[in-house]
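The structure file my_file.pdb is reproduced below (PDB, C-alpha atoms).
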```pdb
ATOM      1  CA  MET A 155     101.227 124.671 106.398
ATOM      2  CA  VAL A 156     102.756 121.725 108.230
ATOM      3  CA  LEU A 157     105.678 122.781 110.410
ATOM      4  CA  HIS A 158     108.977 120.962 110.072
ATOM      5  CA  LEU A 159     109.096 117.812 112.176
ATOM      6  CA  LYS A 160     111.943 119.076 114.396
ATOM      7  CA  PHE A 161     110.534 122.554 115.045
ATOM      8  CA  TRP A 162     108.559 121.733 118.183
ATOM      9  CA  PRO A 163     111.221 119.590 119.919
ATOM     10  CA  THR A 164     113.811 122.266 119.118
ATOM     11  CA  LEU A 165     111.591 125.039 120.493
ATOM     12  CA  ALA A 166     110.857 123.052 123.654
ATOM     13  CA  PHE A 167     114.580 122.348 124.125
ATOM     14  CA  SER A 168     115.411 126.053 123.746
ATOM     15  CA  VAL A 169     112.792 127.112 126.290
ATOM     16  CA  VAL A 170     113.948 124.472 128.780
ATOM     17  CA  MET A 171     117.578 125.591 128.463
ATOM     18  CA  ALA A 172     116.573 129.237 128.947
ATOM     19  CA  SER A 173     114.556 128.176 131.990
ATOM     20  CA  TRP A 174     117.627 126.491 133.478
ATOM     21  CA  PHE A 175     119.574 129.746 133.144
ATOM     22  CA  ALA A 176     116.692 131.567 134.835
ATOM     23  CA  PHE A 177     116.578 128.875 137.542
ATOM     24  CA  ALA A 178     120.284 129.400 138.281
ATOM     25  CA  ALA A 179     119.869 133.185 138.229
ATOM     26  CA  VAL A 180     117.102 133.025 140.848
ATOM     27  CA  PHE A 181     119.412 131.354 143.340
ATOM     28  CA  LEU A 182     122.451 133.471 142.478
ATOM     29  CA  VAL A 183     120.483 136.703 142.924
ATOM     30  CA  PHE A 184     118.900 135.442 146.135
ATOM     31  CA  LEU A 185     122.231 134.338 147.604
ATOM     32  CA  SER A 186     123.879 137.664 146.727
ATOM     33  CA  LYS A 187     121.128 139.602 148.538
ATOM     34  CA  LYS A 188     120.454 137.224 151.409
ATOM     35  CA  PRO A 189     121.207 138.811 154.794
ATOM     36  CA  PRO A 190     123.169 136.849 157.421
ATOM     37  CA  SER A 191     120.777 134.314 158.928
ATOM     38  CA  ALA A 192     120.155 133.705 162.569
ATOM     39  CA  PRO A 193     121.949 130.780 164.231
ATOM     40  CA  ASP A 194     120.497 127.324 163.727
ATOM     41  CA  SER A 195     118.182 126.114 166.440
ATOM     42  CA  LYS A 196     117.984 122.601 164.999
ATOM     43  CA  ARG A 197     119.377 120.963 161.870
ATOM     44  CA  GLU A 198     118.386 117.654 160.241
ATOM     45  CA  ARG A 199     121.407 115.959 158.610
ATOM     46  CA  THR A 200     119.329 113.233 156.937
ATOM     47  CA  SER A 201     118.205 115.750 154.344
ATOM     48  CA  ILE A 202     121.717 115.656 152.814
ATOM     49  CA  ALA A 203     120.968 112.104 151.605
ATOM     50  CA  GLY A 204     117.813 113.425 149.969
ATOM     51  CA  ILE A 205     119.812 116.171 148.246
ATOM     52  CA  ALA A 206     122.206 113.529 146.894
ATOM     53  CA  LEU A 207     119.346 111.423 145.505
ATOM     54  CA  GLN A 208     117.736 114.451 143.878
ATOM     55  CA  GLY A 209     121.107 115.233 142.288
ATOM     56  CA  ILE A 210     121.348 111.677 140.955
ATOM     57  CA  GLY A 211     117.871 112.064 139.463
ATOM     58  CA  TYR A 212     118.994 115.182 137.621
ATOM     59  CA  ALA A 213     122.181 113.417 136.470
ATOM     60  CA  VAL A 214     120.135 110.566 135.006
ATOM     61  CA  VAL A 215     117.719 112.860 133.174
ATOM     62  CA  TRP A 216     120.637 114.743 131.601
ATOM     63  CA  SER A 217     122.754 111.702 130.729
ATOM     64  CA  VAL A 218     120.269 109.108 129.405
ATOM     65  CA  ARG A 219     119.556 110.981 126.183
ATOM     66  CA  ARG A 220     117.609 110.323 123.021
ATOM     67  CA  PRO A 221     118.622 111.633 119.560
ATOM     68  CA  ALA A 222     118.695 115.437 119.649
ATOM     69  CA  PHE A 223     115.551 117.390 118.726
ATOM     70  CA  THR A 224     113.287 114.362 118.459
ATOM     71  CA  PRO A 225     110.046 113.727 120.401
ATOM     72  CA  ILE A 226     110.218 111.527 123.491
ATOM     73  CA  VAL A 227     107.886 109.062 121.743
ATOM     74  CA  SER A 228     106.686 109.060 118.140
ATOM     75  CA  LEU A 229     102.898 109.250 118.262
ATOM     76  CA  GLY A 230     102.265 111.767 115.513
ATOM     77  CA  GLU A 231     102.519 115.504 115.034
ATOM     78  CA  LEU A 232      99.588 116.430 117.278
ATOM     79  CA  PHE A 233     101.141 114.567 120.207
ATOM     80  CA  GLU A 234     104.499 116.180 119.459
ATOM     81  CA  VAL A 235     103.023 119.689 119.493
ATOM     82  CA  ALA A 236     101.048 119.024 122.693
ATOM     83  CA  THR A 237     104.126 117.592 124.426
ATOM     84  CA  ALA A 238     106.279 120.542 123.380
ATOM     85  CA  ILE A 239     103.725 123.059 124.647
ATOM     86  CA  MET A 240     103.324 121.181 127.931
ATOM     87  CA  THR A 241     107.131 121.023 128.313
ATOM     88  CA  MET A 242     107.488 124.790 127.837
ATOM     89  CA  ILE A 243     104.659 125.624 130.238
ATOM     90  CA  LEU A 244     106.136 123.235 132.799
ATOM     91  CA  ALA A 245     109.625 124.768 132.540
ATOM     92  CA  ILE A 246     108.501 128.396 132.718
ATOM     93  CA  GLY A 247     105.927 127.688 135.434
ATOM     94  CA  SER A 248     108.462 125.774 137.525
ATOM     95  CA  VAL A 249     110.983 128.618 137.496
ATOM     96  CA  TRP A 250     108.277 131.118 138.425
ATOM     97  CA  PHE A 251     107.037 128.871 141.255
ATOM     98  CA  ILE A 252     110.562 128.393 142.657
ATOM     99  CA  SER A 253     111.261 132.122 142.439
ATOM    100  CA  ALA A 254     108.052 132.936 144.308
ATOM    101  CA  ALA A 255     108.846 130.343 146.985
ATOM    102  CA  VAL A 256     112.402 131.600 147.540
ATOM    103  CA  ARG A 257     111.185 135.199 147.853
ATOM    104  CA  THR A 258     108.485 134.128 150.306
ATOM    105  CA  LEU A 259     110.949 132.174 152.479
ATOM    106  CA  GLY A 260     113.526 134.959 152.606
ATOM    107  CA  LYS A 261     116.280 134.361 155.142
ATOM    108  CA  GLN A 262     114.717 131.050 156.245
ATOM    109  CA  TRP A 263     115.701 129.339 152.982
ATOM    110  CA  SER A 264     118.657 126.957 153.203
ATOM    111  CA  LEU A 265     120.016 123.958 151.346
ATOM    112  CA  ALA A 266     119.832 121.501 154.245
ATOM    113  CA  ALA A 267     116.901 121.094 156.627
ATOM    114  CA  ARG A 268     117.136 123.419 159.612
ATOM    115  CA  VAL A 269     115.042 125.560 161.945
ATOM    116  CA  LEU A 270     116.413 128.999 162.844
ATOM    117  CA  GLU A 271     115.991 130.954 166.034
ATOM    118  CA  GLY A 272     112.810 132.952 165.545
ATOM    119  CA  HIS A 273     111.734 130.662 162.684
ATOM    120  CA  ASN A 274     108.225 131.311 161.352
ATOM    121  CA  LEU A 275     105.868 128.796 159.765
ATOM    122  CA  ILE A 276     105.356 130.111 156.223
ATOM    123  CA  THR A 277     101.899 129.324 154.808
ATOM    124  CA  THR A 278     101.387 132.157 152.314
ATOM    125  CA  GLY A 279     102.043 132.527 148.583
ATOM    126  CA  PRO A 280     103.099 129.224 146.972
ATOM    127  CA  TYR A 281     103.137 127.674 150.459
ATOM    128  CA  ASN A 282      99.371 127.952 150.368
ATOM    129  CA  VAL A 283      99.386 125.578 147.362
ATOM    130  CA  VAL A 284     101.961 123.006 148.519
ATOM    131  CA  ARG A 285     104.077 122.725 151.656
ATOM    132  CA  ASN A 286     107.312 122.352 149.673
ATOM    133  CA  PRO A 287     106.975 124.513 146.546
ATOM    134  CA  ILE A 288     110.709 124.610 145.797
ATOM    135  CA  TYR A 289     110.664 120.816 145.428
ATOM    136  CA  THR A 290     107.539 121.091 143.297
ATOM    137  CA  GLY A 291     109.382 123.468 140.981
ATOM    138  CA  MET A 292     112.502 121.293 140.959
ATOM    139  CA  PHE A 293     110.369 118.293 140.022
ATOM    140  CA  GLY A 294     108.754 120.335 137.256
ATOM    141  CA  MET A 295     112.201 121.205 135.896
ATOM    142  CA  LEU A 296     113.178 117.533 135.993
ATOM    143  CA  LEU A 297     110.062 116.574 134.017
ATOM    144  CA  ALA A 298     110.515 119.410 131.517
ATOM    145  CA  THR A 299     114.158 118.479 130.955
ATOM    146  CA  GLY A 300     113.271 114.828 130.494
ATOM    147  CA  LEU A 301     110.511 115.632 128.020
ATOM    148  CA  ALA A 302     112.942 117.845 126.088
ATOM    149  CA  ILE A 303     116.052 115.641 125.917
ATOM    150  CA  SER A 304     115.782 112.287 127.721
ATOM    151  CA  HIS A 305     114.963 108.780 126.600
ATOM    152  CA  TRP A 306     111.674 107.824 128.243
ATOM    153  CA  ILE A 307     113.430 105.096 130.270
ATOM    154  CA  GLY A 308     115.893 107.658 131.609
ATOM    155  CA  LEU A 309     113.065 109.990 132.545
ATOM    156  CA  LEU A 310     111.230 107.199 134.360
ATOM    157  CA  ILE A 311     114.341 106.252 136.368
ATOM    158  CA  ALA A 312     115.069 109.903 137.129
ATOM    159  CA  VAL A 313     111.528 110.501 138.388
ATOM    160  CA  ILE A 314     111.724 107.502 140.732
ATOM    161  CA  VAL A 315     115.127 108.459 142.161
ATOM    162  CA  PHE A 316     114.179 112.124 142.486
ATOM    163  CA  ALA A 317     110.887 111.210 144.183
ATOM    164  CA  ILE A 318     112.703 109.086 146.776
ATOM    165  CA  GLY A 319     115.172 111.905 147.443
ATOM    166  CA  THR A 320     112.342 114.399 147.768
ATOM    167  CA  MET A 321     110.497 112.115 150.182
ATOM    168  CA  VAL A 322     113.644 111.902 152.349
ATOM    169  CA  ARG A 323     114.021 115.693 152.356
ATOM    170  CA  VAL A 324     110.352 116.357 153.078
ATOM    171  CA  ARG A 325     110.320 113.934 155.998
ATOM    172  CA  SER A 326     113.535 115.416 157.416
ATOM    173  CA  GLU A 327     112.365 119.007 157.140
ATOM    174  CA  GLU A 328     108.836 118.390 158.308
ATOM    175  CA  LYS A 329     110.103 116.464 161.323
ATOM    176  CA  LEU A 330     111.754 119.693 162.478
ATOM    177  CA  LEU A 331     108.660 121.749 161.671
ATOM    178  CA  ARG A 332     106.385 119.356 163.576
ATOM    179  CA  GLU A 333     108.677 119.603 166.600
ATOM    180  CA  ALA A 334     108.835 123.394 166.358
ATOM    181  CA  PHE A 335     105.197 124.206 165.580
ATOM    182  CA  GLY A 336     103.215 121.190 166.817
ATOM    183  CA  ALA A 337      99.466 121.520 166.291
ATOM    184  CA  GLU A 338      99.893 124.574 164.053
ATOM    185  CA  PHE A 339     101.945 122.578 161.556
ATOM    186  CA  ALA A 340      99.647 119.544 161.863
ATOM    187  CA  ALA A 341      96.653 121.698 160.927
ATOM    188  CA  TYR A 342      98.571 123.198 157.995
ATOM    189  CA  ALA A 343      99.710 119.765 156.777
ATOM    190  CA  GLY A 344      96.144 118.518 156.993
ATOM    191  CA  LYS A 345      94.980 121.162 154.513
ATOM    192  CA  VAL A 346      97.915 121.562 152.102
ATOM    193  CA  PRO A 347      99.589 118.716 150.145
ATOM    194  CA  ALA A 348     103.337 118.127 150.476
ATOM    195  CA  VAL A 349     104.658 118.484 146.904
ATOM    196  CA  VAL A 350     102.047 117.749 144.231
ATOM    197  CA  PRO A 351      99.167 120.281 144.139
ATOM    198  CA  PHE A 352      95.716 118.848 144.920
ATOM    199  CA  PHE A 353      97.271 115.473 145.808
ATOM    200  CA  PHE A 354      97.288 114.390 149.460
TER     201      PHE A 354
END
```
What would you get if you wrote out this structure as structure tokens?
Amino acid sequence: MVLHLKFWPTLAFSVVMASWFAFAAVFLVFLSKKPPSAPDSKRERTSIAGIALQGIGYAVVWSVRRPAFTPIVSLGELFEVATAIMTMILAIGSVWFISAAVRTLGKQWSLAARVLEGHNLITTGPYNVVRNPIYTGMFGMLLATGLAISHWIGLLIAVIVFAIGTMVRVRSEEKLLREAFGAEFAAYAGKVPAVVPFFF
């Protein structure tokens, strides 16, 4: 039996929205349980510009919309089903990856780039896959949202803007880590990609 044309886009949309609620819950729960952090040793203000660009990327992906519950491109039912399944896996996987990264970081997590007194170089859990797993998960959520609701042009623009913002944040944060950990961080960075798994 052939499923109704709008079933898969609607299902993907529903899963993405549920994933956004889970994404928000991860940070709310973490912030409510986070102990007072140690004083900053160093802080990198440039990362705020990266945060702003990432926010603009999200704004674009949410605002440049296509007709509701339609596929991002019309290439037949098989493509529609495959895209919907990929979108759902991406959304759920991204939330899980972010949650694991936040738990692994613990009190060292912060919005802006900083190094705390007694800061440790975290290389376990998701940090063994990529150096910046929270950004990997955020990028996954951007892609999943775009595949669920955006016009393909909006998604393309959002990806570019978000990627630039992420590059700014990674460079700002890793500048501090290189200064703090020197050869240890250089060896880690030589083995583990920055944001995209298996891509150096």
Worksheet item: Written as a list of chain:residue names, which residues does the PyMOL selection byres ((chain A and resi 294) around 9) give for the file shown?
Response: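 For this structure, the PyMOL selection byres ((chain A and resi 294) around 9) resolves to A:Leu244, A:Ala245, A:Gly247, A:Ser248, A:Val249, A:Tyr289, A:Thr290, A:Gly291, A:Met292, A:Phe293, A:Met295, A:Leu296, A:Leu297, A:Ala298, A:Thr299.
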Worksheet item: Using only C-alpha atoms, which of the listed residues (A:Arg285, A:Ile246, A:His305, A:Leu310) sits closest to A:Ala341?
Response: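 Ranked by minimum distance to A:Ala341, first place goes to A:Arg285.
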Item to complete: Using the chain letters and residue numbers of this document, give as number ranges by chain the residues selected by the PyMOL selection byres ((chain A and resi 163-179) around 8).
Response: A: 160-162, 180-183, 223-225, 234, 238-239, 241-242, 245-246, 249, 252-253, 295, 298-299, 302-303
Worksheet item: Could you spell out the hits of the PyMOL selection byres ((chain A and resi 255) around 9) on the shown file, as a list of chain:residue names?
Response: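 Taken over the shown coordinates, the PyMOL selection byres ((chain A and resi 255) around 9) returns A:Trp250, A:Phe251, A:Ile252, A:Ser253, A:Ala254, A:Val256, A:Arg257, A:Thr258, A:Leu259, A:Gly260, A:Gly279, A:Pro280, A:Tyr281, A:Asn286, A:Pro287, A:Ile288.
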Keeping C-alpha atoms for every residue in the selection just given, could you write it to a file as a CSV table (one decimal), in the frame of the given file?
```csv
chain,number,residue,atom,x,y,z
A,250,TRP,CA,108.3,131.1,138.4
A,251,PHE,CA,107.0,128.9,141.3
A,252,ILE,CA,110.6,128.4,142.7
A,253,SER,CA,111.3,132.1,142.4
A,254,ALA,CA,108.1,132.9,144.3
A,256,VAL,CA,112.4,131.6,147.5
A,257,ARG,CA,111.2,135.2,147.9
A,258,THR,CA,108.5,134.1,150.3
A,259,LEU,CA,110.9,132.2,152.5
A,260,GLY,CA,113.5,135.0,152.6
A,279,GLY,CA,102.0,132.5,148.6
A,280,PRO,CA,103.1,129.2,147.0
A,281,TYR,CA,103.1,127.7,150.5
A,286,ASN,CA,107.3,122.4,149.7
A,287,PRO,CA,107.0,124.5,146.5
A,288,ILE,CA,110.7,124.6,145.8
```
Worksheet item: In Å, with one decimal, what is the gap from atom CA of A:Asn274 to atom CA of A:Phe352?
Response: 24.1 Å
Worksheet entry | Nearest-residue call for A:Val227, choices A:Val322, A:Ile307, A:Ala317, A:Ile202, using only C-alpha atoms |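 Looking at the shortest contact to A:Val227, the residue is A:Ile307.
Between atom CA of A:Val350 and atom CA of A:Arg219 the interatomic distance comes to 26.0 Å.
The coordinates place atom CA of A:Gly319 at 22.7 Å from atom CA of A:Asn282.
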Discussion item. Which residue is closest to A:Ser228? Choose from A:Trp216, A:Phe184, A:Trp306, A:Trp263 and count all atoms listed in the file.
Written reply: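 For A:Ser228, the nearest of the given residues is A:Trp306.
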